[in-house]
$ cat my_file_14.cif   # mmCIF, C-alpha atoms and all ligand atoms
data_run
#
loop_
_atom_site.group_PDB
_atom_site.id
_atom_site.type_symbol
_atom_site.label_atom_id
_atom_site.label_comp_id
_atom_site.auth_asym_id
_atom_site.auth_seq_id
_atom_site.Cartn_x
_atom_site.Cartn_y
_atom_site.Cartn_z
ATOM 1 C CA MET A 1 -47.111 17.125 -104.396
ATOM 2 C CA ASP A 2 -47.338 20.929 -104.282
ATOM 3 C CA LEU A 3 -49.265 22.368 -107.178
ATOM 4 C CA PRO A 4 -47.909 25.487 -108.863
ATOM 5 C CA LEU A 5 -49.574 28.632 -107.530
ATOM 6 C CA THR A 6 -51.785 29.176 -110.600
ATOM 7 C CA ALA A 7 -53.032 25.560 -110.521
ATOM 8 C CA ASN A 8 -53.857 25.982 -106.837
ATOM 9 C CA VAL A 9 -55.845 29.117 -107.575
ATOM 10 C CA VAL A 10 -57.815 27.349 -110.317
ATOM 11 C CA ALA A 11 -58.424 24.297 -108.111
ATOM 12 C CA GLN A 12 -59.713 26.470 -105.265
ATOM 13 C CA GLN A 13 -61.897 28.638 -107.462
ATOM 14 C CA ALA A 14 -65.565 27.712 -107.427
ATOM 15 C CA ALA A 15 -67.229 26.795 -110.710
ATOM 16 C CA ILE A 16 -69.979 29.323 -109.937
ATOM 17 C CA GLU A 17 -69.924 32.096 -107.388
ATOM 18 C CA ILE A 18 -72.917 34.330 -106.762
ATOM 19 C CA LYS A 19 -72.512 36.893 -104.001
ATOM 20 C CA ASP A 20 -75.299 39.038 -102.617
ATOM 21 C CA LEU A 21 -77.184 39.180 -105.891
ATOM 22 C CA THR A 22 -80.142 41.560 -105.916
ATOM 23 C CA LEU A 23 -81.986 42.174 -109.140
ATOM 24 C CA SER A 24 -85.203 43.937 -110.169
ATOM 25 C CA PHE A 25 -87.040 44.020 -113.458
ATOM 26 C CA THR A 26 -89.471 46.638 -112.188
ATOM 27 C CA ALA A 27 -89.657 49.103 -109.320
ATOM 28 C CA GLY A 28 -90.829 47.619 -106.018
ATOM 29 C CA THR A 29 -90.105 44.156 -104.630
ATOM 30 C CA PRO A 30 -86.881 42.793 -106.138
ATOM 31 C CA THR A 31 -87.150 39.697 -108.341
ATOM 32 C CA ILE A 32 -84.045 38.252 -106.654
ATOM 33 C CA ASP A 33 -83.042 39.416 -103.189
ATOM 34 C CA ARG A 34 -79.543 38.979 -101.728
ATOM 35 C CA VAL A 35 -78.872 35.540 -103.126
ATOM 36 C CA SER A 36 -75.434 34.069 -102.452
ATOM 37 C CA LEU A 37 -74.488 30.684 -103.830
ATOM 38 C CA THR A 38 -71.128 28.988 -104.329
ATOM 39 C CA VAL A 39 -71.076 25.872 -106.496
ATOM 40 C CA PRO A 40 -67.839 23.862 -106.338
ATOM 41 C CA HIS A 41 -66.484 22.115 -109.415
ATOM 42 C CA GLY A 42 -68.161 18.799 -110.115
ATOM 43 C CA GLN A 43 -71.193 19.379 -107.918
ATOM 44 C CA PHE A 44 -74.687 18.483 -109.110
ATOM 45 C CA LEU A 45 -76.888 21.220 -107.665
ATOM 46 C CA SER A 46 -80.641 21.552 -108.090
ATOM 47 C CA ILE A 47 -82.702 24.656 -107.474
ATOM 48 C CA VAL A 48 -86.381 24.221 -106.647
ATOM 49 C CA GLY A 49 -88.904 26.922 -105.929
ATOM 50 C CA PRO A 50 -92.287 28.324 -106.874
ATOM 51 C CA SER A 51 -93.030 29.870 -110.205
ATOM 52 C CA GLY A 52 -91.640 33.370 -110.495
ATOM 53 C CA CYS A 53 -88.956 33.113 -107.782
ATOM 54 C CA GLY A 54 -86.238 33.898 -110.310
ATOM 55 C CA LYS A 55 -84.738 30.478 -111.130
ATOM 56 C CA THR A 56 -84.619 30.986 -114.898
ATOM 57 C CA THR A 57 -83.488 34.570 -114.456
ATOM 58 C CA MET A 58 -80.487 33.330 -112.450
ATOM 59 C CA LEU A 59 -79.614 30.745 -115.072
ATOM 60 C CA ASN A 60 -79.953 33.297 -117.863
ATOM 61 C CA LEU A 61 -77.712 35.670 -115.971
ATOM 62 C CA LEU A 62 -75.089 32.927 -115.507
ATOM 63 C CA ALA A 63 -75.236 32.138 -119.224
ATOM 64 C CA GLY A 64 -74.839 35.812 -120.164
ATOM 65 C CA LEU A 65 -78.200 35.678 -121.954
ATOM 66 C CA ILE A 66 -79.644 38.684 -120.139
ATOM 67 C CA HIS A 67 -78.185 41.923 -118.900
ATOM 68 C CA VAL A 68 -80.272 43.321 -116.088
ATOM 69 C CA PRO A 69 -78.915 45.949 -113.715
ATOM 70 C CA HIS A 70 -78.108 44.213 -110.441
ATOM 71 C CA SER A 71 -76.038 44.551 -107.309
ATOM 72 C CA GLY A 72 -73.687 41.850 -106.056
ATOM 73 C CA THR A 73 -71.423 39.688 -108.185
ATOM 74 C CA VAL A 74 -71.837 36.693 -110.481
ATOM 75 C CA ARG A 75 -68.787 34.710 -111.585
ATOM 76 C CA ILE A 76 -68.401 31.651 -113.768
ATOM 77 C CA GLN A 77 -64.998 30.034 -113.233
ATOM 78 C CA GLY A 78 -63.810 33.372 -111.922
ATOM 79 C CA ARG A 79 -65.045 35.360 -114.915
ATOM 80 C CA GLU A 80 -68.009 37.604 -115.576
ATOM 81 C CA PRO A 81 -70.749 35.728 -117.440
ATOM 82 C CA ARG A 82 -70.716 36.254 -121.188
ATOM 83 C CA LEU A 83 -72.819 34.957 -124.033
ATOM 84 C CA GLY A 84 -71.090 32.217 -126.010
ATOM 85 C CA ASP A 85 -68.815 31.137 -123.136
ATOM 86 C CA HIS A 86 -67.633 27.661 -124.151
ATOM 87 C CA GLY A 87 -67.388 26.816 -120.477
ATOM 88 C CA ILE A 88 -71.177 26.558 -120.365
ATOM 89 C CA ALA A 89 -73.759 24.328 -122.045
ATOM 90 C CA TYR A 90 -77.419 25.249 -121.578
ATOM 91 C CA MET A 91 -80.323 22.817 -121.928
ATOM 92 C CA LEU A 92 -83.844 24.214 -121.994
ATOM 93 C CA ALA A 93 -87.228 22.866 -120.997
ATOM 94 C CA ARG A 94 -88.884 23.502 -124.290
ATOM 95 C CA ASP A 95 -88.220 21.444 -127.321
ATOM 96 C CA SER A 96 -85.206 23.152 -128.789
ATOM 97 C CA LEU A 97 -84.373 20.807 -131.673
ATOM 98 C CA LEU A 98 -84.227 22.258 -135.168
ATOM 99 C CA PRO A 99 -87.096 20.654 -137.137
ATOM 100 C CA TRP A 100 -85.228 20.620 -140.452
ATOM 101 C CA ARG A 101 -82.254 18.722 -139.034
ATOM 102 C CA THR A 102 -81.996 15.001 -138.442
ATOM 103 C CA THR A 103 -81.394 13.586 -134.962
ATOM 104 C CA LEU A 104 -77.682 13.231 -135.735
ATOM 105 C CA GLU A 105 -77.437 16.781 -137.075
ATOM 106 C CA ASN A 106 -79.318 18.098 -134.051
ATOM 107 C CA ALA A 107 -77.082 16.209 -131.635
ATOM 108 C CA ALA A 108 -74.036 17.662 -133.417
ATOM 109 C CA TYR A 109 -75.440 21.182 -133.687
ATOM 110 C CA GLY A 110 -73.835 22.686 -130.551
ATOM 111 C CA MET A 111 -70.429 21.353 -131.619
ATOM 112 C CA GLU A 112 -70.946 22.745 -135.113
ATOM 113 C CA VAL A 113 -71.631 26.214 -133.680
ATOM 114 C CA ARG A 114 -68.397 25.907 -131.709
ATOM 115 C CA GLY A 115 -66.383 24.951 -134.787
ATOM 116 C CA VAL A 116 -65.650 21.282 -134.000
ATOM 117 C CA ALA A 117 -64.432 19.467 -137.136
ATOM 118 C CA ALA A 118 -67.193 17.648 -139.088
ATOM 119 C CA GLU A 119 -65.859 14.098 -138.672
ATOM 120 C CA GLN A 120 -65.155 14.562 -134.976
ATOM 121 C CA ARG A 121 -68.597 15.976 -134.242
ATOM 122 C CA ARG A 122 -70.376 13.228 -136.179
ATOM 123 C CA GLU A 123 -68.452 10.586 -134.270
ATOM 124 C CA ARG A 124 -69.162 12.182 -130.887
ATOM 125 C CA ALA A 125 -72.845 12.787 -131.720
ATOM 126 C CA ARG A 126 -73.274 9.166 -132.874
ATOM 127 C CA ASP A 127 -71.677 7.885 -129.705
ATOM 128 C CA LEU A 128 -73.879 10.074 -127.485
ATOM 129 C CA LEU A 129 -77.034 9.094 -129.391
ATOM 130 C CA VAL A 130 -76.293 5.438 -128.717
ATOM 131 C CA ARG A 131 -75.733 6.216 -125.040
ATOM 132 C CA VAL A 132 -79.080 8.028 -124.738
ATOM 133 C CA GLY A 133 -80.871 5.139 -126.460
ATOM 134 C CA LEU A 134 -81.346 6.730 -129.878
ATOM 135 C CA GLY A 135 -79.053 4.454 -131.867
ATOM 136 C CA GLY A 136 -80.866 3.722 -135.134
ATOM 137 C CA PHE A 137 -82.725 7.062 -135.122
ATOM 138 C CA GLU A 138 -79.837 9.150 -136.478
ATOM 139 C CA LYS A 139 -81.679 9.947 -139.702
ATOM 140 C CA SER A 140 -85.090 10.668 -138.127
ATOM 141 C CA TYR A 141 -86.426 14.204 -137.911
ATOM 142 C CA PRO A 142 -87.795 15.682 -134.645
ATOM 143 C CA LYS A 143 -91.403 15.327 -135.798
ATOM 144 C CA GLN A 144 -90.827 11.573 -136.104
ATOM 145 C CA LEU A 145 -89.716 11.334 -132.462
ATOM 146 C CA SER A 146 -91.726 11.301 -129.230
ATOM 147 C CA HIS A 147 -91.260 14.135 -126.760
ATOM 148 C CA GLY A 148 -89.096 11.895 -124.580
ATOM 149 C CA MET A 149 -86.925 10.946 -127.566
ATOM 150 C CA ARG A 150 -86.509 14.612 -128.486
ATOM 151 C CA GLN A 151 -85.333 15.394 -124.955
ATOM 152 C CA ARG A 152 -82.912 12.449 -125.191
ATOM 153 C CA CYS A 153 -81.506 14.055 -128.320
ATOM 154 C CA ALA A 154 -81.255 17.423 -126.552
ATOM 155 C CA LEU A 155 -79.446 15.653 -123.704
ATOM 156 C CA ALA A 156 -77.004 14.135 -126.215
ATOM 157 C CA ARG A 157 -76.426 17.568 -127.760
ATOM 158 C CA THR A 158 -75.717 19.061 -124.312
ATOM 159 C CA PHE A 159 -73.314 16.306 -123.240
ATOM 160 C CA ALA A 160 -71.580 16.348 -126.627
ATOM 161 C CA LEU A 161 -70.165 19.743 -125.729
ATOM 162 C CA ASP A 162 -67.020 19.668 -123.637
ATOM 163 C CA SER A 163 -68.228 22.487 -121.357
ATOM 164 C CA PRO A 164 -67.368 21.898 -117.704
ATOM 165 C CA ILE A 165 -70.595 23.591 -116.554
ATOM 166 C CA LEU A 166 -74.085 22.462 -117.554
ATOM 167 C CA LEU A 167 -77.106 24.672 -116.927
ATOM 168 C CA MET A 168 -80.408 22.806 -117.231
ATOM 169 C CA ASP A 169 -83.756 24.585 -117.011
ATOM 170 C CA GLU A 170 -86.509 22.062 -116.244
ATOM 171 C CA PRO A 171 -85.414 19.737 -119.032
ATOM 172 C CA PHE A 172 -87.861 16.998 -118.005
ATOM 173 C CA GLY A 173 -90.708 19.220 -116.812
ATOM 174 C CA ALA A 174 -93.200 18.305 -119.523
ATOM 175 C CA LEU A 175 -92.619 14.542 -119.609
ATOM 176 C CA ASP A 176 -94.853 11.798 -118.231
ATOM 177 C CA ALA A 177 -93.713 10.191 -114.963
ATOM 178 C CA GLN A 178 -92.164 7.037 -116.474
ATOM 179 C CA THR A 179 -90.300 8.842 -119.256
ATOM 180 C CA LYS A 180 -89.112 11.407 -116.754
ATOM 181 C CA LEU A 181 -87.710 8.665 -114.520
ATOM 182 C CA GLN A 182 -85.889 7.120 -117.498
ATOM 183 C CA LEU A 183 -84.341 10.440 -118.452
ATOM 184 C CA GLU A 184 -83.347 11.276 -114.871
ATOM 185 C CA GLU A 185 -81.617 7.892 -114.710
ATOM 186 C CA LEU A 186 -79.889 8.600 -117.992
ATOM 187 C CA LEU A 187 -78.756 12.044 -116.870
ATOM 188 C CA VAL A 188 -77.359 10.643 -113.611
ATOM 189 C CA ASP A 189 -75.497 7.908 -115.546
ATOM 190 C CA LEU A 190 -73.998 10.411 -117.986
ATOM 191 C CA TRP A 191 -73.075 12.797 -115.189
ATOM 192 C CA GLN A 192 -71.529 10.054 -113.038
ATOM 193 C CA GLU A 193 -69.078 9.264 -115.856
ATOM 194 C CA GLU A 194 -67.669 12.791 -116.018
ATOM 195 C CA ARG A 195 -68.827 14.696 -112.925
ATOM 196 C CA ARG A 196 -69.185 18.093 -114.526
ATOM 197 C CA THR A 197 -70.734 20.952 -112.592
ATOM 198 C CA VAL A 198 -74.513 20.990 -113.063
ATOM 199 C CA VAL A 199 -77.120 23.561 -112.060
ATOM 200 C CA PHE A 200 -80.496 21.942 -112.612
ATOM 201 C CA ILE A 201 -83.798 23.769 -112.212
ATOM 202 C CA THR A 202 -86.947 21.867 -111.409
ATOM 203 C CA HIS A 203 -90.346 22.240 -109.748
ATOM 204 C CA ASP A 204 -90.111 18.648 -108.595
ATOM 205 C CA LEU A 205 -88.501 18.252 -105.157
ATOM 206 C CA GLY A 206 -88.389 14.450 -105.542
ATOM 207 C CA GLU A 207 -86.464 14.768 -108.796
ATOM 208 C CA ALA A 208 -84.064 17.287 -107.227
ATOM 209 C CA ILE A 209 -83.244 14.982 -104.280
ATOM 210 C CA ALA A 210 -82.881 11.888 -106.452
ATOM 211 C CA ILE A 211 -80.346 13.338 -108.874
ATOM 212 C CA SER A 212 -78.439 15.971 -106.898
ATOM 213 C CA ASP A 213 -75.583 16.351 -104.434
ATOM 214 C CA ARG A 214 -77.229 19.444 -103.063
ATOM 215 C CA VAL A 215 -80.681 21.060 -103.224
ATOM 216 C CA VAL A 216 -81.284 24.771 -102.887
ATOM 217 C CA VAL A 217 -84.881 25.816 -102.197
ATOM 218 C CA MET A 218 -85.967 29.290 -103.176
ATOM 219 C CA GLY A 219 -88.974 31.284 -102.021
ATOM 220 C CA ALA A 220 -90.802 33.883 -104.062
ATOM 221 C CA ARG A 221 -91.536 37.600 -103.788
ATOM 222 C CA PRO A 222 -88.763 38.377 -103.351
ATOM 223 C CA GLY A 223 -86.813 35.451 -104.814
ATOM 224 C CA ARG A 224 -84.442 34.260 -102.112
ATOM 225 C CA ILE A 225 -82.821 31.119 -100.779
ATOM 226 C CA VAL A 226 -84.883 29.590 -97.983
ATOM 227 C CA THR A 227 -82.822 26.464 -97.486
ATOM 228 C CA ASP A 228 -79.699 24.788 -98.835
ATOM 229 C CA VAL A 229 -79.301 21.052 -98.148
ATOM 230 C CA GLU A 230 -76.556 18.522 -98.937
ATOM 231 C CA ILE A 231 -77.990 15.190 -100.130
ATOM 232 C CA PRO A 232 -76.083 12.434 -98.338
ATOM 233 C CA ILE A 233 -77.159 9.597 -100.664
ATOM 234 C CA LYS A 234 -74.155 7.689 -101.955
ATOM 235 C CA ARG A 235 -73.105 7.520 -105.590
ATOM 236 C CA PRO A 236 -73.391 5.823 -107.956
ATOM 237 C CA ARG A 237 -77.153 6.100 -107.633
ATOM 238 C CA SER A 238 -80.110 4.590 -109.364
ATOM 239 C CA VAL A 239 -83.021 7.051 -109.486
ATOM 240 C CA ARG A 240 -85.462 4.179 -109.950
ATOM 241 C CA GLU A 241 -84.170 2.278 -106.909
ATOM 242 C CA LEU A 242 -84.269 5.440 -104.792
ATOM 243 C CA GLN A 243 -88.049 5.620 -105.133
ATOM 244 C CA LYS A 244 -88.128 2.723 -102.626
ATOM 245 C CA ASP A 245 -85.368 4.096 -100.357
ATOM 246 C CA HIS A 246 -86.417 5.346 -96.908
ATOM 247 C CA VAL A 247 -83.528 7.874 -96.710
ATOM 248 C CA TYR A 248 -84.824 9.453 -99.903
ATOM 249 C CA HIS A 249 -88.342 9.739 -98.456
ATOM 250 C CA GLU A 250 -87.076 11.101 -95.130
ATOM 251 C CA LEU A 251 -85.067 13.747 -96.949
ATOM 252 C CA TYR A 252 -88.140 14.614 -98.989
ATOM 253 C CA ALA A 253 -90.274 15.111 -95.870
ATOM 254 C CA HIS A 254 -87.512 17.103 -94.145
ATOM 255 C CA ILE A 255 -86.887 19.509 -97.048
ATOM 256 C CA TRP A 256 -90.607 19.840 -97.722
ATOM 257 C CA GLU A 257 -91.128 20.988 -94.144
ATOM 258 C CA MET A 258 -88.342 23.569 -94.423
ATOM 259 C CA LEU A 259 -89.796 24.669 -97.721
ATOM 260 C CA GLU A 260 -93.175 25.320 -96.096
ATOM 261 C CA GLN A 261 -91.586 27.113 -93.140
ATOM 262 C CA GLY A 262 -89.628 29.284 -95.558
ATOM 263 C CA TYR A 263 -92.822 30.292 -97.307
ATOM 264 C CA LYS A 264 -94.385 31.424 -94.042
ATOM 265 C CA LYS A 265 -91.496 33.852 -93.289
HETATM 266 N N1 LIG A 301 -87.367 40.006 -119.236
HETATM 267 C C1 LIG A 301 -88.180 40.226 -118.193
HETATM 268 N N2 LIG A 301 -88.781 41.410 -118.023
HETATM 269 C C2 LIG A 301 -89.581 41.659 -116.953
HETATM 270 N N3 LIG A 301 -89.840 40.758 -116.002
HETATM 271 C C3 LIG A 301 -89.267 39.549 -116.127
HETATM 272 C C4 LIG A 301 -88.409 39.211 -117.229
HETATM 273 N N4 LIG A 301 -87.981 37.932 -117.072
HETATM 274 C C5 LIG A 301 -88.565 37.483 -115.941
HETATM 275 N N5 LIG A 301 -89.332 38.443 -115.380
HETATM 276 C C6 LIG A 301 -90.062 38.319 -114.116
HETATM 277 O O1 LIG A 301 -89.163 37.904 -113.115
HETATM 278 C C7 LIG A 301 -89.781 36.967 -112.250
HETATM 279 C C8 LIG A 301 -88.951 35.693 -112.199
HETATM 280 O O2 LIG A 301 -89.071 35.014 -113.456
HETATM 281 P P1 LIG A 301 -88.333 33.649 -113.734
HETATM 282 O O3 LIG A 301 -88.709 33.199 -115.100
HETATM 283 O O4 LIG A 301 -86.886 33.801 -113.449
HETATM 284 O O5 LIG A 301 -88.988 32.726 -112.623
HETATM 285 P P2 LIG A 301 -88.900 31.158 -112.445
HETATM 286 O O6 LIG A 301 -88.629 30.910 -111.009
HETATM 287 O O7 LIG A 301 -87.956 30.561 -113.419
HETATM 288 O O8 LIG A 301 -90.389 30.746 -112.801
HETATM 289 P P3 LIG A 301 -90.950 29.391 -113.496
HETATM 290 O O9 LIG A 301 -90.704 28.318 -112.487
HETATM 291 O O10 LIG A 301 -92.394 29.679 -113.683
HETATM 292 O O11 LIG A 301 -90.200 29.184 -114.768
HETATM 293 C C9 LIG A 301 -91.207 36.777 -112.751
HETATM 294 O O12 LIG A 301 -92.051 37.592 -111.998
HETATM 295 C C10 LIG A 301 -91.141 37.256 -114.187
HETATM 296 O O13 LIG A 301 -92.361 37.823 -114.592
#
$ encode --input "my_file_14.cif" --output "structure tokens"
Amino acid sequence: MDLPLTANVVAQQAAIEIKDLTLSFTAGTPTIDRVSLTVPHGQFLSIVGPSGCGKTTMLNLLAGLIHVPHSGTVRIQGREPRLGDHGIAYMLARDSLLPWRTTLENAAYGMEVRGVAAEQRRERARDLLVRVGLGGFEKSYPKQLSHGMRQRCALARTFALDSPILLMDEPFGALDAQTKLQLEELLVDLWQEERRTVVFITHDLGEAIAISDRVVVMGARPGRIVTDVEIPIKRPRSVRELQKDHVYHELYAHIWEMLEQGYKK
């Protein structure tokens, strides 16, 4: 069936399109140097790279959180980034729950900001809390939860929004290895149900390969893309099972080598 012209245009448009982005905070070496990146709808993309290569800056730019003079173009679903774009949900590394709100109220917070009706947001938040394993903790406050539980709540809050694009800045960076594995598994399960577009930042190459369709490796000073690799591991995936998978380990060794070569350039 032929789609109407406008539907075709929307279908062909990338979720995120960065072209030739160069950005500097100070005079001298640019923070980000000629980065181009097209993320199709529904792709789970991870960006790995050393501290200071500009990962968070790129995410902040996409979310419209910062306005830094730059050359090149950045488009989200064909539009210029702008703060408050409902097309985007942003999950941070640091604990971003509001301490005076219960788990349920925290999970519903993003929807509340966006004006979702009270009953609807409570229902959706409850459902998501059960899915992230926090059923029964709806009335607890953040200080009564472990760090892993708080990040589960933040995950519920992010997925409760109907944004087609999720930006995630090292959401599991500060967790212990076992909790991290549990949350990666949870994220993959949630994502596999809906296949939204995800840009996920991490320092952990193993995590990036396990959860993503594609891994982009950046180098620092200036921040640039050194390699961009499709991950040919079939879905649905189990992050835990992958730890024993030889393809996963081969990919790790391969990307690691390219990462080191990129650093030498
Ligand atoms: N608002 C700002 N003003 C000046 N310099 C900034 C600002 N934000 C970031 N920078 C600089 O830009 C560079 C990239 O920072 P950014 O936080 O994007 O890196 P990153 O790759 O996310 O690092 P990390 O992995 O440590 O979080 C760093 O050198 C940082 O000091």
$ residues_near_ligand --input "my_file_14.cif" --ligand "ligand LIG 301 (chain A)" --cutoff "10 Å" --atoms "only C-alpha atoms and all ligand atoms" --output "PyMOL selection string"
chain A and resi 23-26+30-32+47-61+66-68+93+169-170+201-203+218-223
$ closest_residue --input "my_file_14.cif" --among "A:Thr197, A:Thr29, A:Ala208, A:Thr103" --to "Gly173 of chain A" --atoms "only C-alpha atoms"
A:Ala208
$ closest_residue --input "my_file_14.cif" --among "A:Thr38, A:Thr179, A:Gln43, A:Ser212" --to "Ile233 of chain A" --atoms "only C-alpha atoms"
A:Ser212
$ resolve_selection --input "my_file_14.cif" --expression "the PyMOL selection byres (((chain A and resi 45) around 8) and not hetatm)" --output "compact mmCIF listing (two decimals) with C-alpha atoms, keeping the file's coordinate frame"
# COMPACT_ATOMS: atom_id res chain seq x y z
CA VAL A 39 -71.08 25.87 -106.50
CA GLN A 43 -71.19 19.38 -107.92
CA PHE A 44 -74.69 18.48 -109.11
CA SER A 46 -80.64 21.55 -108.09
CA ILE A 47 -82.70 24.66 -107.47
CA THR A 197 -70.73 20.95 -112.59
CA VAL A 198 -74.51 20.99 -113.06
CA VAL A 199 -77.12 23.56 -112.06
CA PHE A 200 -80.50 21.94 -112.61
CA SER A 212 -78.44 15.97 -106.90
CA ASP A 213 -75.58 16.35 -104.43
CA ARG A 214 -77.23 19.44 -103.06
CA VAL A 215 -80.68 21.06 -103.22
CA VAL A 216 -81.28 24.77 -102.89
$ closest_residue --input "my_file_14.cif" --among "A:Leu62, A:Pro99, A:Ile76, A:Arg126" --to "Gln144 of chain A" --atoms "all atoms listed in the file"
A:Pro99
$ residues_near_point --input "my_file_14.cif" --point "(-80.2, 17.8, -129.0)" --cutoff "6 Å" --atoms "only C-alpha atoms" --output "list in words"
Leu97, Asn106, Ala107, Cys153, Ala154, Leu155, Ala156 and Arg157 of chain A
$ resolve_selection --input "my_file_14.cif" --expression "the PyMOL selection byres (((chain A and resi 135-142) around 12) and not hetatm)" --output "PyMOL selection string"
chain A and resi 95-108+122-123+125-134+143-154+156
$ atom_distance --input "my_file_14.cif" --atom1 "atom CA of Met111 of chain A" --atom2 "atom CA of Leu161 of chain A"
6.1 Å
$ atom_distance --input "my_file_14.cif" --atom1 "atom CA of Arg196 of chain A" --atom2 "atom CA of Ala63 of chain A"
16.0 Å
$ residues_around --input "my_file_14.cif" --residues "Asp20 of chain A" --least-positions-apart "2" --cutoff "8 Å" --atoms "all atoms listed in the file" --output "MDAnalysis selection string"
chainID A and resid 18 22 33:36 71:73
$ closest_residue --input "my_file_14.cif" --among "A:Pro81, A:Gly110, A:Gly87, A:Pro40" --to "Arg195 of chain A" --atoms "all atoms listed in the file"
A:Pro40
